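Notes to accompany the following structure.
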Amino acid sequence: RHCIILTTLAALTQVTIPPEIFLRNSLHLIPGQSVGSREALIGRLSEAGYLRADTVEDPGSFAVRGEIIDVYPPDQEAPIRVELFGDEIEMLRVFDPSTQRTSADPAAKIAELRIPPAREVLINPSTSGLIRERVKQRADDLGIRRPVRDPLLESILHGGYPDHSDAWAPFAYETPSTVLDYVTRFSSGPELIWQDELSCLQLWDQFHSDQKKL
């Protein structure tokens, strides 16, 4: 399938989650499939950046009630209810976040669900150590005092997502990626077309200068 990506130079070069980590933290759910256990599925969602809530209303959150797990993937128009029977997926259904009810319409049932990571920067047991180390180093370089720095490091240790943490890809991954890494991985022979090359080069110089000030 062919696709066209329209983007700016700054967005094209902004670092993000590497494709292999994106895939490793994605889930593919099918009715009749075993999830290992309810706790295992909850753990996978947490590691993929989903935040547990009492009820699911916003993208990137999930909720648990008995053998029902509600999840709102950021690429879906509505949240999905995962109904378990033991460790097996019994049914997948779309539901209305305003009423928390599923529809009786057969179209509400879905045959499979692919759940991507909820965010670009994942703070989980495999990344928190590196993030804490790099955030501490950056804070020390900037002369940020311990009363400000230490609560931030404590939050990271417990898997919290501080404000602006979505911009921490350089802290979270040994080799952060860009949109180009996804394009070259999942397509063959991508073609780049620049609109007004001179303006792009000027914007690149400005972007590069701004990055040095961060």
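Residues in the structure tokens are numbered from 1 in each chain, the chains being A, B, ... in the order shown, and ligands are numbered from 1 in the order shown.
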Handout entry: Residue neighbourhood region 9-17 of chain A, 12 Å, only C-alpha atoms, exclusion window fewer than 6 positions, as an MDAnalysis selection string
Key = chainID A and resid 23:25 48:49 116:123 127 165:183 192:197 199:211
Preceding selection exported with C-alpha atoms as an mmCIF file, in the first residue's frame:
data_model
loop_
_atom_site.group_PDB
_atom_site.id
_atom_site.type_symbol
_atom_site.label_atom_id
_atom_site.label_comp_id
_atom_site.auth_asym_id
_atom_site.auth_seq_id
_atom_site.Cartn_x
_atom_site.Cartn_y
_atom_site.Cartn_z
ATOM 1 C CA LEU A 23 7.148 -3.228 17.590
ATOM 2 C CA ARG A 24 8.340 -4.955 20.784
ATOM 3 C CA ASN A 25 5.885 -2.915 22.841
ATOM 4 C CA ALA A 48 3.735 0.197 26.562
ATOM 5 C CA GLY A 49 3.060 3.528 28.250
ATOM 6 C CA PRO A 116 0.687 0.437 19.590
ATOM 7 C CA PRO A 117 2.680 2.065 22.394
ATOM 8 C CA ALA A 118 0.759 4.904 24.005
ATOM 9 C CA ARG A 119 3.618 7.382 23.738
ATOM 10 C CA GLU A 120 6.946 8.024 22.042
ATOM 11 C CA VAL A 121 9.007 7.790 25.226
ATOM 12 C CA LEU A 122 8.392 4.693 27.343
ATOM 13 C CA ILE A 123 9.363 4.763 31.006
ATOM 14 C CA THR A 127 14.392 2.227 30.112
ATOM 15 C CA SER A 165 8.758 13.597 29.162
ATOM 16 C CA ASP A 166 7.551 12.914 25.602
ATOM 17 C CA ALA A 167 10.564 14.965 24.484
ATOM 18 C CA TRP A 168 13.002 12.656 26.295
ATOM 19 C CA ALA A 169 13.744 10.223 23.453
ATOM 20 C CA PRO A 170 17.467 11.177 23.569
ATOM 21 C CA PHE A 171 17.457 10.142 27.256
ATOM 22 C CA ALA A 172 15.416 6.946 26.838
ATOM 23 C CA TYR A 173 17.048 5.153 23.922
ATOM 24 C CA GLU A 174 20.649 4.335 23.086
ATOM 25 C CA THR A 175 19.940 5.046 19.415
ATOM 26 C CA PRO A 176 16.836 7.213 18.966
ATOM 27 C CA SER A 177 15.158 7.181 15.559
ATOM 28 C CA THR A 178 13.337 9.607 13.293
ATOM 29 C CA VAL A 179 10.460 9.315 10.832
ATOM 30 C CA LEU A 180 13.032 8.409 8.175
ATOM 31 C CA ASP A 181 13.929 5.223 10.062
ATOM 32 C CA TYR A 182 10.297 4.124 9.865
ATOM 33 C CA VAL A 183 9.982 5.048 6.192
ATOM 34 C CA LEU A 192 11.696 12.507 -0.782
ATOM 35 C CA ILE A 193 10.275 15.619 -2.413
ATOM 36 C CA TRP A 194 11.240 19.045 -1.092
ATOM 37 C CA GLN A 195 8.934 22.007 -1.572
ATOM 38 C CA ASP A 196 11.017 25.162 -1.969
ATOM 39 C CA GLU A 197 14.440 23.706 -1.253
ATOM 40 C CA SER A 199 13.421 27.772 2.283
ATOM 41 C CA CYS A 200 13.945 24.253 3.649
ATOM 42 C CA LEU A 201 17.685 24.864 3.941
ATOM 43 C CA GLN A 202 17.092 28.172 5.702
ATOM 44 C CA LEU A 203 14.646 26.526 8.093
ATOM 45 C CA TRP A 204 17.172 23.764 8.719
ATOM 46 C CA ASP A 205 19.833 26.306 9.689
ATOM 47 C CA GLN A 206 17.375 27.987 12.058
ATOM 48 C CA PHE A 207 16.271 24.652 13.515
ATOM 49 C CA HIS A 208 19.888 23.571 14.039
ATOM 50 C CA SER A 209 20.659 26.887 15.765
ATOM 51 C CA ASP A 210 17.617 26.551 18.041
ATOM 52 C CA GLN A 211 18.593 23.003 19.008
#
Problem - Which of region 34-197 of chain A DSSP labels strand (DSSP E or B), written as JSON, numbers by chain - result: {"A": [34, 51, 52, 61, 62, 63, 64, 65, 68, 69, 70, 71, 80, 81, 82, 83, 84, 85, 88, 89, 90, 91, 92, 93, 94, 95, 96, 101, 102, 109, 113, 114, 115, 177]}
Handout entry: Surrounding residues of Phe62 (chain A) excluding itself and chain neighbours under 3 positions, 12 Å, only C-alpha atoms, as a PyMOL selection string
Key = chain A and resi 41-46+48-59+65+68-74+79-82+97+115+118
Problem - Å distance separating CA of Lys109 (chain A) from CA of Phe95 (chain A), one decimal place - result: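 Spanning CA of Lys109 (chain A) to CA of Phe95 (chain A) is a straight-line distance of 9.6 Å.
Interatomic distance, CA of Ser126 (chain A) to CA of Ile30 (chain A): 26.6 Å.
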Could you list, with a cut-off of 7 Å and counting only C-alpha atoms, the residues of region 5-62 of chain A near region 85-92 of chain A, each shown with its nearest atom pair and the distance in Å rounded to one decimal, rows sorted by chain and ascending number, as a tab-separated table?
residue	atom	partner	partner_atom	distance
A:Ile30	CA	A:Ile89	CA	6.9
A:Pro31	CA	A:Ile89	CA	4.8
A:Gly32	CA	A:Ile89	CA	5.2
A:Gln33	CA	A:Glu88	CA	5.5
A:Ser34	CA	A:Glu88	CA	4.2
A:Val35	CA	A:Asp87	CA	5.6
A:Gly36	CA	A:Asp87	CA	5.6
A:Ser37	CA	A:Asp87	CA	4.7
A:Arg38	CA	A:Asp87	CA	6.2
Problem - Two-atom distance - CA of Ser26 (chain A), CA of Glu112 (chain A) (Å) - result: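 Straight-line distance from CA of Ser26 (chain A) to CA of Glu112 (chain A) works out to 13.3 Å.
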Practice task
Have a look at A:Arg185, A:Arg145, A:His158, A:His28 and name the one nearest to Pro125 (chain A); count only C-alpha atoms.
Solution key: A:His158
Exercise for the section: Determine which residues of region 8-210 of chain A DSSP labels as helix (DSSP H, G or I) from the backbone of this structure, then write them out as a ChimeraX atom specification. Expected result: /A:9-13,19-24,38-47,106-108,128-141,146-157,165-167,169-172,179-186,197-210
